[in-house]
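The structure appears below as structure tokens.
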Amino acid sequence: MLSNLFKYLPKPNFSNYWPLYFQTEIIGWVHRDNIATIAHFPELFLLNRTDSTLAFTPQFIAASFEERSYSLAQFSEALRLAGIITNWRDEAYGIYRRNEILKNALFTIERGVAPFLGFRVFGVHINGYVPVEHHSQTSISHLWLAQRSKLKLIEPHKLDNIAAGGLSYGEIPSETAKREAMEEANIPQETTQSLTFITPFNYLTEYHKSIRDESIFIFDLPIPPSFKPQINDGEVEAFHALTPDIVMEALLDGEKFKPNSGLVTLHFLLRKGLTQLTLTEQQYLAERLAPNSI
């Protein structure tokens with residue numbers, strides 16, 4: 001059953017993608033079946049069919065942040081009107097150089113278009129858990145997990161963290177975490193003051209001819225035993241209080257969790273020593289879940 005966990009540790013087939021360069025740095029990936037669409041925008045993209053690479057044009061690179069963002073907004077709108085982008089979110093994501101996390105954004109782009117170009121984006125996920133004090137020792141009685149709405153376009157009805165969301169341009173992770181906790185689970189500010197940032201790690205997968213490249217900021221949040229999360233924005237259809245053993249059982253099923261949320265939850269269980277895996281298995285998974293390993 002441990003092999004089922006590898007469904008949460010995917011490896012994209014990059015041979016089907018053209019790298020997208022900003023100057024000398026790869027900042028995105030475009031599926032080869034989408035190159036014909038990209039070719040309709042020569043003011044933005046240079047195509048090298050010999051090397052199967054893409055690059056932003058010198059004109060685009062020389063433009064200001066605002067001008068680049070405006071050009072990509074027009075590009076995005078054209079894809080939406082053509083029916084190529086159907087998951088329009090009306091939310092701007094900042095796109096950065098790989099070594100400049102949340103600093104010096106190159107431009108912004110509509111959230112629903114970012115996967116089409118394979119850009120790295122950022123999000124927050126919260127592990128909500130109920131601590132129990134027993135003889136001066138703290139244990140964890142259960143985790144609060146959300147069950148996604150059947151109406152969600154991505155991974156409907158799957159288990160998810162108590163709250164999670166994308167990092168809009170201009171926000172910092174802690175602000176996003178608090179906002180998502182209130183919007184999705186009705187968790188008040190006095191509770192989210194206890195949010196603890198743990199680590200970022202990278203989630204990389206392939207989905208519907210796009211590279212999903214996400215840097216997830218993980219937060220842990222102790223939930224008072226008397227508190228029950230409430231559905232607040234329609235993205236969740238239920239919340240479940242599950243013991244660590246039941247959560248691990250769901251993870252080992254391989255199909256019950258939204259994949260990136262499964263990774264975040266597995267990371268939590270390993271950190272807290274709440275699995276029944278062998279030491280060798282735990283060490284291997286911990287290495288695969290290290291910030292820069294995925």
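Lettering and numbering for the structure tokens are positional, with chains as A, B, ... in the shown order, residues counted from 1 in each chain, and ligands counted from 1 in the shown order.
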
Near-Ile95 of chain A list (10 Å; only C-alpha atoms; drop same-chain fewer than 6 positions) as a PyMOL selection string: chain A and resi 27-28+69+101-109+114+119-122+169

Residues of segment 4-169 of chain A in helix (DSSP H, G or I), written as a PyMOL selection string: chain A and resi 4-8+14-16+32-38+58-62+65-81+114-117

Using N, CA and C atoms, can you export the residues from the last selection as a compact mmCIF listing (two decimals), in the first residue's frame?
```txt
# COMPACT_ATOMS: atom_id res chain seq x y z
N ASN A 4 1.10 3.40 -3.05
CA ASN A 4 0.05 4.36 -3.39
C ASN A 4 0.44 5.80 -3.05
N LEU A 5 1.36 5.96 -2.08
CA LEU A 5 1.79 7.31 -1.72
C LEU A 5 2.53 7.99 -2.87
N PHE A 6 3.07 7.19 -3.80
CA PHE A 6 3.81 7.79 -4.90
C PHE A 6 2.88 8.51 -5.88
N LYS A 7 1.57 8.28 -5.75
CA LYS A 7 0.63 9.07 -6.53
C LYS A 7 0.66 10.53 -6.09
N TYR A 8 1.12 10.76 -4.87
CA TYR A 8 1.23 12.12 -4.36
C TYR A 8 2.62 12.70 -4.62
N PHE A 14 8.69 15.88 -18.90
CA PHE A 14 9.09 17.15 -19.50
C PHE A 14 9.39 17.03 -20.99
N SER A 15 9.53 15.81 -21.50
CA SER A 15 9.80 15.66 -22.93
C SER A 15 8.64 16.15 -23.80
N ASN A 16 7.46 16.29 -23.20
CA ASN A 16 6.29 16.79 -23.93
C ASN A 16 6.16 18.31 -23.87
N ARG A 32 3.64 20.82 -25.91
CA ARG A 32 3.87 20.93 -27.36
C ARG A 32 2.57 21.07 -28.15
N ASP A 33 1.46 20.54 -27.61
CA ASP A 33 0.18 20.69 -28.31
C ASP A 33 -0.36 22.11 -28.25
N ASN A 34 0.23 22.94 -27.38
CA ASN A 34 -0.22 24.33 -27.24
C ASN A 34 0.68 25.33 -27.97
N ILE A 35 1.70 24.82 -28.63
CA ILE A 35 2.65 25.72 -29.31
C ILE A 35 1.96 26.48 -30.44
N ALA A 36 1.01 25.84 -31.12
CA ALA A 36 0.30 26.52 -32.21
C ALA A 36 -0.45 27.74 -31.69
N THR A 37 -0.99 27.64 -30.49
CA THR A 37 -1.66 28.78 -29.88
C THR A 37 -0.66 29.88 -29.55
N ILE A 38 0.47 29.50 -28.96
CA ILE A 38 1.51 30.47 -28.62
C ILE A 38 2.00 31.22 -29.87
N PRO A 58 12.51 40.30 -26.83
CA PRO A 58 13.24 41.44 -26.26
C PRO A 58 12.33 42.62 -25.94
N GLN A 59 11.32 42.84 -26.79
CA GLN A 59 10.37 43.93 -26.56
C GLN A 59 9.64 43.74 -25.24
N PHE A 60 9.22 42.51 -24.97
CA PHE A 60 8.51 42.21 -23.72
C PHE A 60 9.44 42.38 -22.52
N ILE A 61 10.65 41.88 -22.64
CA ILE A 61 11.61 41.94 -21.53
C ILE A 61 11.97 43.39 -21.20
N ALA A 62 12.08 44.22 -22.22
CA ALA A 62 12.46 45.62 -22.01
C ALA A 62 11.33 46.45 -21.43
N PHE A 65 7.21 46.52 -15.57
CA PHE A 65 6.36 45.54 -14.88
C PHE A 65 4.89 45.72 -15.28
N GLU A 66 4.44 46.95 -15.26
CA GLU A 66 3.04 47.23 -15.59
C GLU A 66 2.73 46.88 -17.04
N GLU A 67 3.64 47.20 -17.93
CA GLU A 67 3.43 46.90 -19.35
C GLU A 67 3.43 45.40 -19.61
N ARG A 68 4.34 44.68 -18.99
CA ARG A 68 4.35 43.21 -19.15
C ARG A 68 3.05 42.60 -18.64
N SER A 69 2.62 43.06 -17.47
CA SER A 69 1.39 42.52 -16.87
C SER A 69 0.19 42.81 -17.78
N TYR A 70 0.15 44.01 -18.35
CA TYR A 70 -0.95 44.37 -19.25
C TYR A 70 -0.94 43.50 -20.51
N SER A 71 0.24 43.27 -21.07
CA SER A 71 0.35 42.43 -22.27
C SER A 71 -0.13 41.01 -21.99
N LEU A 72 0.24 40.47 -20.84
CA LEU A 72 -0.18 39.12 -20.51
C LEU A 72 -1.66 39.07 -20.12
N ALA A 73 -2.20 40.17 -19.63
CA ALA A 73 -3.65 40.22 -19.37
C ALA A 73 -4.42 40.15 -20.69
N GLN A 74 -3.92 40.82 -21.72
CA GLN A 74 -4.55 40.75 -23.04
C GLN A 74 -4.43 39.34 -23.62
N PHE A 75 -3.25 38.74 -23.48
CA PHE A 75 -3.04 37.36 -23.90
C PHE A 75 -4.01 36.42 -23.20
N SER A 76 -4.15 36.59 -21.90
CA SER A 76 -5.03 35.74 -21.10
C SER A 76 -6.48 35.87 -21.54
N GLU A 77 -6.90 37.11 -21.76
CA GLU A 77 -8.27 37.35 -22.20
C GLU A 77 -8.54 36.70 -23.55
N ALA A 78 -7.56 36.74 -24.44
CA ALA A 78 -7.72 36.10 -25.75
C ALA A 78 -7.90 34.59 -25.60
N LEU A 79 -7.16 33.98 -24.68
CA LEU A 79 -7.31 32.53 -24.44
C LEU A 79 -8.68 32.22 -23.85
N ARG A 80 -9.15 33.09 -22.97
CA ARG A 80 -10.47 32.88 -22.37
C ARG A 80 -11.56 32.98 -23.43
N LEU A 81 -11.48 33.99 -24.28
CA LEU A 81 -12.50 34.18 -25.31
C LEU A 81 -12.48 33.04 -26.33
N ALA A 114 -1.90 30.68 -15.48
CA ALA A 114 -0.54 30.35 -15.04
C ALA A 114 -0.15 28.91 -15.38
N PRO A 115 -1.01 27.89 -15.19
CA PRO A 115 -0.60 26.52 -15.54
C PRO A 115 -0.38 26.32 -17.04
N PHE A 116 -1.11 27.06 -17.87
CA PHE A 116 -0.96 26.94 -19.33
C PHE A 116 0.47 27.23 -19.74
N LEU A 117 1.11 28.19 -19.04
CA LEU A 117 2.50 28.55 -19.32
C LEU A 117 3.48 27.89 -18.35
```

Residues near Leu269 of chain A, cut-off 9 Å, only C-alpha atoms, skip fewer than 5 positions along chain, as an MDAnalysis selection string: chainID A and resid 244 247:248 264 274:275

File dump, residues just selected, N, CA, C and O atoms, as an mmCIF file, in the first residue's frame:
```cif
data_model
loop_
_atom_site.group_PDB
_atom_site.id
_atom_site.type_symbol
_atom_site.label_atom_id
_atom_site.label_comp_id
_atom_site.auth_asym_id
_atom_site.auth_seq_id
_atom_site.Cartn_x
_atom_site.Cartn_y
_atom_site.Cartn_z
ATOM 1 N N PRO A 244 -5.362 10.380 13.558
ATOM 2 C CA PRO A 244 -4.191 10.212 12.689
ATOM 3 C C PRO A 244 -4.163 8.867 11.969
ATOM 4 O O PRO A 244 -3.761 8.803 10.801
ATOM 5 N N VAL A 247 -6.519 9.060 9.048
ATOM 6 C CA VAL A 247 -5.943 9.938 8.031
ATOM 7 C C VAL A 247 -4.871 9.193 7.236
ATOM 8 O O VAL A 247 -4.824 9.262 5.999
ATOM 9 N N MET A 248 -4.009 8.450 7.940
ATOM 10 C CA MET A 248 -2.961 7.701 7.247
ATOM 11 C C MET A 248 -3.567 6.637 6.344
ATOM 12 O O MET A 248 -3.080 6.391 5.233
ATOM 13 N N VAL A 264 0.943 17.628 1.984
ATOM 14 C CA VAL A 264 1.028 18.477 3.176
ATOM 15 C C VAL A 264 0.640 17.682 4.419
ATOM 16 O O VAL A 264 1.278 17.784 5.474
ATOM 17 N N LEU A 274 3.389 10.344 13.713
ATOM 18 C CA LEU A 274 2.049 9.780 13.844
ATOM 19 C C LEU A 274 1.746 8.706 12.803
ATOM 20 O O LEU A 274 0.591 8.419 12.525
ATOM 21 N N THR A 275 2.786 8.098 12.227
ATOM 22 C CA THR A 275 2.552 7.031 11.257
ATOM 23 C C THR A 275 2.995 5.696 11.841
ATOM 24 O O THR A 275 3.744 5.649 12.824
#
```

Long-range neighbours of segment 143-154 of chain A as a VMD selection string, 8 Å cut-off, only C-alpha atoms, 2 positions minimum in chain: chain A and resid 87 127 to 130 140 to 141 156 to 163 234 to 244 247

All strand (DSSP E or B) residues (DSSP, backbone) inside segment 78-279 of chain A, as a ChimeraX atom specification: /A:92-95,107-110,120-134,137-148,159-161,163-166,196-206,211-222,236-242,257

Nearest-residue call for Gln193 of chain A, choices A:Glu249, A:Asp220, A:Asp233, A:Glu133, using only C-alpha atoms: A:Asp220

Pick from A:Leu167, A:Val113, A:Ile223, A:Leu252, whichever lies nearest to Ser194 of chain A using only C-alpha atoms: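 The shortest atom-to-atom distance to Ser194 of chain A comes from A:Ile223.
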
Residue contacts of His125 of chain A (12 Å, only C-alpha atoms) excluding same-chain residues fewer than 5 positions away, as a VMD selection string: chain A and resid 145 to 146 160 to 167 173 to 174 176 to 181 184 195 to 201 214 to 221 258 260 to 265 267 to 268

Distance in Å - atom CA of Phe227 of chain A versus atom CA of Thr191 of chain A: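 The value is 9.6 Å.
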
Pairwise distance for atom CA of Ile246 of chain A and atom CA of Gln189 of chain A, rounded to one decimal in Å: 29.0 Å

Point-to-point distance from atom CA of Arg49 of chain A to atom CA of Asn99 of chain A, Å rounded to tenths: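 Calculated distance between atom CA of Arg49 of chain A and atom CA of Asn99 of chain A is 28.0 Å.
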